[in-house]
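First the structure, in the form of structure tokens, and then the observations on it.
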Amino acid sequence: MMNCRPFPWRYIKRVLETRESFFGASIEFTKAEFHDQAHACPDCGKLPDDLTWVPVDTAVETWPRGEGRSGFVTCCMECKTQIDFFVEDELTQLETELRAVGESSQDLLWSESDPVE
Ligand SMILES: [Zn+2]
């Protein structure tokens, strides 16, 4: 059901370690916005509200191609499954402008050549 390539798990874990509190309010807002579109874990049936919603950016290579996206990926950490990726248009717009001038709001960047595992 992922509409883009999976994010590297190492990246997701680093995001969770460093950004969880900062993004708390934003995650609640996103959950409310995308709740009806979110799927349960296909492996264990865990419901969207109980999944881990992780704020992510697509790989560094996607931004110069105009394919960069900021949003949230829903993860079942027990099954190690990434279920849905929801794009946040406002975050994407902001990040696109920053990357266009060689900057980024994120200090955690990843490459398409990074392994998913
Ligand atoms: Zn699961």
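Residue numbering restarts at 1 in every chain; chains get A, B, ... in the order shown in the structure tokens, and ligands count up from 1 in that same order.
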Quick one: everything within 8 Å of stretch 56-65 of chain A, counting only C-alpha atoms, minus sequence neighbours fewer than 5 positions away in the same chain. Send it as a PyMOL selection string. chain A and resi 7+12+15+70-73+96+99-100+109-112
Shell of 10 Å around ligand 1 (only C-alpha atoms and all ligand atoms), written as a ChimeraX atom specification: /A:40-47,50-51,75-83
How would the residues just picked look written out with N, CA and C atoms as a PDB file, in the first residue's frame?
```pdb
ATOM      1  N   ALA A  40      -4.996  -0.484   8.623  1.00  0.00           N
ATOM      2  CA  ALA A  40      -4.455  -1.243   9.750  1.00  0.00           C
ATOM      3  C   ALA A  40      -3.228  -2.025   9.291  1.00  0.00           C
ATOM      4  N   CYS A  41      -2.454  -2.506  10.235  1.00  0.00           N
ATOM      5  CA  CYS A  41      -1.295  -3.336   9.895  1.00  0.00           C
ATOM      6  C   CYS A  41      -1.793  -4.615   9.208  1.00  0.00           C
ATOM      7  N   PRO A  42      -1.269  -4.903   7.996  1.00  0.00           N
ATOM      8  CA  PRO A  42      -1.730  -6.094   7.280  1.00  0.00           C
ATOM      9  C   PRO A  42      -1.271  -7.396   7.936  1.00  0.00           C
ATOM     10  N   ASP A  43      -0.284  -7.298   8.821  1.00  0.00           N
ATOM     11  CA  ASP A  43       0.257  -8.513   9.433  1.00  0.00           C
ATOM     12  C   ASP A  43      -0.435  -8.862  10.747  1.00  0.00           C
ATOM     13  N   CYS A  44      -0.681  -7.843  11.603  1.00  0.00           N
ATOM     14  CA  CYS A  44      -1.250  -8.150  12.919  1.00  0.00           C
ATOM     15  C   CYS A  44      -2.584  -7.460  13.158  1.00  0.00           C
ATOM     16  N   GLY A  45      -3.013  -6.588  12.231  1.00  0.00           N
ATOM     17  CA  GLY A  45      -4.317  -5.961  12.370  1.00  0.00           C
ATOM     18  C   GLY A  45      -4.352  -4.761  13.298  1.00  0.00           C
ATOM     19  N   LYS A  46      -3.193  -4.316  13.751  1.00  0.00           N
ATOM     20  CA  LYS A  46      -3.151  -3.143  14.637  1.00  0.00           C
ATOM     21  C   LYS A  46      -3.789  -1.937  13.927  1.00  0.00           C
ATOM     22  N   LEU A  47      -4.657  -1.218  14.639  1.00  0.00           N
ATOM     23  CA  LEU A  47      -5.416  -0.131  14.032  1.00  0.00           C
ATOM     24  C   LEU A  47      -4.558   1.123  13.845  1.00  0.00           C
ATOM     25  N   ASP A  50      -3.205   3.137  16.659  1.00  0.00           N
ATOM     26  CA  ASP A  50      -2.199   2.486  17.501  1.00  0.00           C
ATOM     27  C   ASP A  50      -0.864   2.294  16.786  1.00  0.00           C
ATOM     28  N   LEU A  51      -0.839   2.620  15.492  1.00  0.00           N
ATOM     29  CA  LEU A  51       0.426   2.520  14.759  1.00  0.00           C
ATOM     30  C   LEU A  51       1.316   3.700  15.143  1.00  0.00           C
ATOM     31  N   CYS A  75       3.797   3.142  10.733  1.00  0.00           N
ATOM     32  CA  CYS A  75       4.618   1.943  10.914  1.00  0.00           C
ATOM     33  C   CYS A  75       4.048   1.061  12.021  1.00  0.00           C
ATOM     34  N   CYS A  76       4.087  -0.249  11.799  1.00  0.00           N
ATOM     35  CA  CYS A  76       3.886  -1.189  12.890  1.00  0.00           C
ATOM     36  C   CYS A  76       5.277  -1.636  13.315  1.00  0.00           C
ATOM     37  N   MET A  77       5.730  -1.155  14.461  1.00  0.00           N
ATOM     38  CA  MET A  77       7.101  -1.416  14.876  1.00  0.00           C
ATOM     39  C   MET A  77       7.284  -2.892  15.245  1.00  0.00           C
ATOM     40  N   GLU A  78       6.216  -3.543  15.712  1.00  0.00           N
ATOM     41  CA  GLU A  78       6.319  -4.955  16.075  1.00  0.00           C
ATOM     42  C   GLU A  78       6.543  -5.825  14.829  1.00  0.00           C
ATOM     43  N   CYS A  79       5.779  -5.544  13.768  1.00  0.00           N
ATOM     44  CA  CYS A  79       5.881  -6.351  12.539  1.00  0.00           C
ATOM     45  C   CYS A  79       6.948  -5.807  11.597  1.00  0.00           C
ATOM     46  N   LYS A  80       7.510  -4.625  11.924  1.00  0.00           N
ATOM     47  CA  LYS A  80       8.465  -3.959  11.058  1.00  0.00           C
ATOM     48  C   LYS A  80       7.861  -3.768   9.653  1.00  0.00           C
ATOM     49  N   THR A  81       6.668  -3.189   9.640  1.00  0.00           N
ATOM     50  CA  THR A  81       5.962  -2.947   8.394  1.00  0.00           C
ATOM     51  C   THR A  81       5.654  -1.457   8.248  1.00  0.00           C
ATOM     52  N   GLN A  82       5.899  -0.933   7.041  1.00  0.00           N
ATOM     53  CA  GLN A  82       5.493   0.436   6.726  1.00  0.00           C
ATOM     54  C   GLN A  82       4.216   0.348   5.908  1.00  0.00           C
ATOM     55  N   ILE A  83       3.175   1.037   6.348  1.00  0.00           N
ATOM     56  CA  ILE A  83       1.853   0.783   5.793  1.00  0.00           C
ATOM     57  C   ILE A  83       1.380   1.872   4.842  1.00  0.00           C
TER      58      ILE A  83
END
```
Pairwise distance for atom CA of A:Glu28 and atom CA of A:Asp49, rounded to one decimal in Å: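 A separation of 9.7 Å between them.
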Which one of A:Glu103, A:Glu88, A:Glu67, A:Glu117 sits closest to A:Glu33 if you count only C-alpha atoms?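 Selected residue with least distance to A:Glu33: A:Glu88.
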Residues flagged helix (DSSP H, G or I) by DSSP in stretch 14-110 of chain A, as JSON, numbers by chain: {"A": [14, 15, 16, 17, 18, 19, 24, 25, 26, 27, 28, 29, 30, 31, 32, 33, 34, 35, 36, 37, 48, 49, 50, 60, 61, 62, 89, 90, 91, 92, 93, 94, 95, 96, 97, 98, 99, 100]}
Give the strand (DSSP E or B) residues of stretch 8-110 of chain A, as DSSP finds them on the backbone, and put them as JSON, numbers by chain. {"A": [52, 53, 54, 55, 56, 57, 70, 71, 72, 73, 74, 75, 76, 81, 82, 83, 84, 85, 86, 87]}
Can I get the selected residues back with C-alpha atoms, as a JSON list (two decimals), in the first residue's frame?
```json
[["chain", "number", "residue", "atom", "x", "y", "z"],
["A", 52, "THR", "CA", 3.53, 4.72, 15.01],
["A", 53, "TRP", "CA", 3.22, 7.83, 12.85],
["A", 54, "VAL", "CA", 6.68, 9.00, 11.83],
["A", 55, "PRO", "CA", 7.45, 12.42, 10.30],
["A", 56, "VAL", "CA", 9.72, 11.81, 7.30],
["A", 57, "ASP", "CA", 11.16, 13.36, 4.16],
["A", 70, "SER", "CA", 7.42, 15.61, 3.43],
["A", 71, "GLY", "CA", 4.82, 13.72, 5.36],
["A", 72, "PHE", "CA", 4.11, 10.90, 7.73],
["A", 73, "VAL", "CA", 4.62, 7.17, 7.33],
["A", 74, "THR", "CA", 2.56, 4.79, 9.48],
["A", 75, "CYS", "CA", 4.62, 1.94, 10.91],
["A", 76, "CYS", "CA", 3.89, -1.19, 12.89],
["A", 81, "THR", "CA", 5.96, -2.95, 8.39],
["A", 82, "GLN", "CA", 5.49, 0.44, 6.73],
["A", 83, "ILE", "CA", 1.85, 0.78, 5.79],
["A", 84, "ASP", "CA", 0.91, 4.20, 4.40],
["A", 85, "PHE", "CA", 2.73, 7.41, 3.49],
["A", 86, "PHE", "CA", 0.69, 10.60, 3.79],
["A", 87, "VAL", "CA", 2.07, 13.72, 2.15]]
```
Which residues are close to A:Ser105, i.e. within 9 Å by only C-alpha atoms, leaving aside same-chain residues fewer than 5 positions away? Reply as a PDB file with C-alpha atoms, in the first residue's frame.
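New file selection_24.pdb:
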```pdb
ATOM      1  CA  LEU A  94       8.348  24.607   2.876  1.00  0.00           C
ATOM      2  CA  GLU A  95      10.980  21.923   2.406  1.00  0.00           C
ATOM      3  CA  LEU A  98      14.606  25.292   1.506  1.00  0.00           C
ATOM      4  CA  ARG A  99      16.177  22.548  -0.610  1.00  0.00           C
TER       5      ARG A  99
END
```
In Å, how far is it from atom CA of A:Phe29 to atom CA of A:Thr92?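 Value for the atom CA of A:Phe29-atom CA of A:Thr92 distance: 15.8 Å.
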The residue from A:Leu91, A:Met2, A:Val116, A:Leu108 with the smallest atom-to-atom distance to A:His39, counting only C-alpha atoms, is A:Met2
For atom CA of A:Gly102 and atom CA of A:Gly68, the interatomic separation in Å (one decimal): 13.6 Å
Among the residues A:Asp89, A:Asp36, A:Tyr11, A:Cys4, the one that comes closest to A:Gln106 [using only C-alpha atoms]: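 Using only C-alpha atoms, the shortest distance to A:Gln106 belongs to A:Tyr11.
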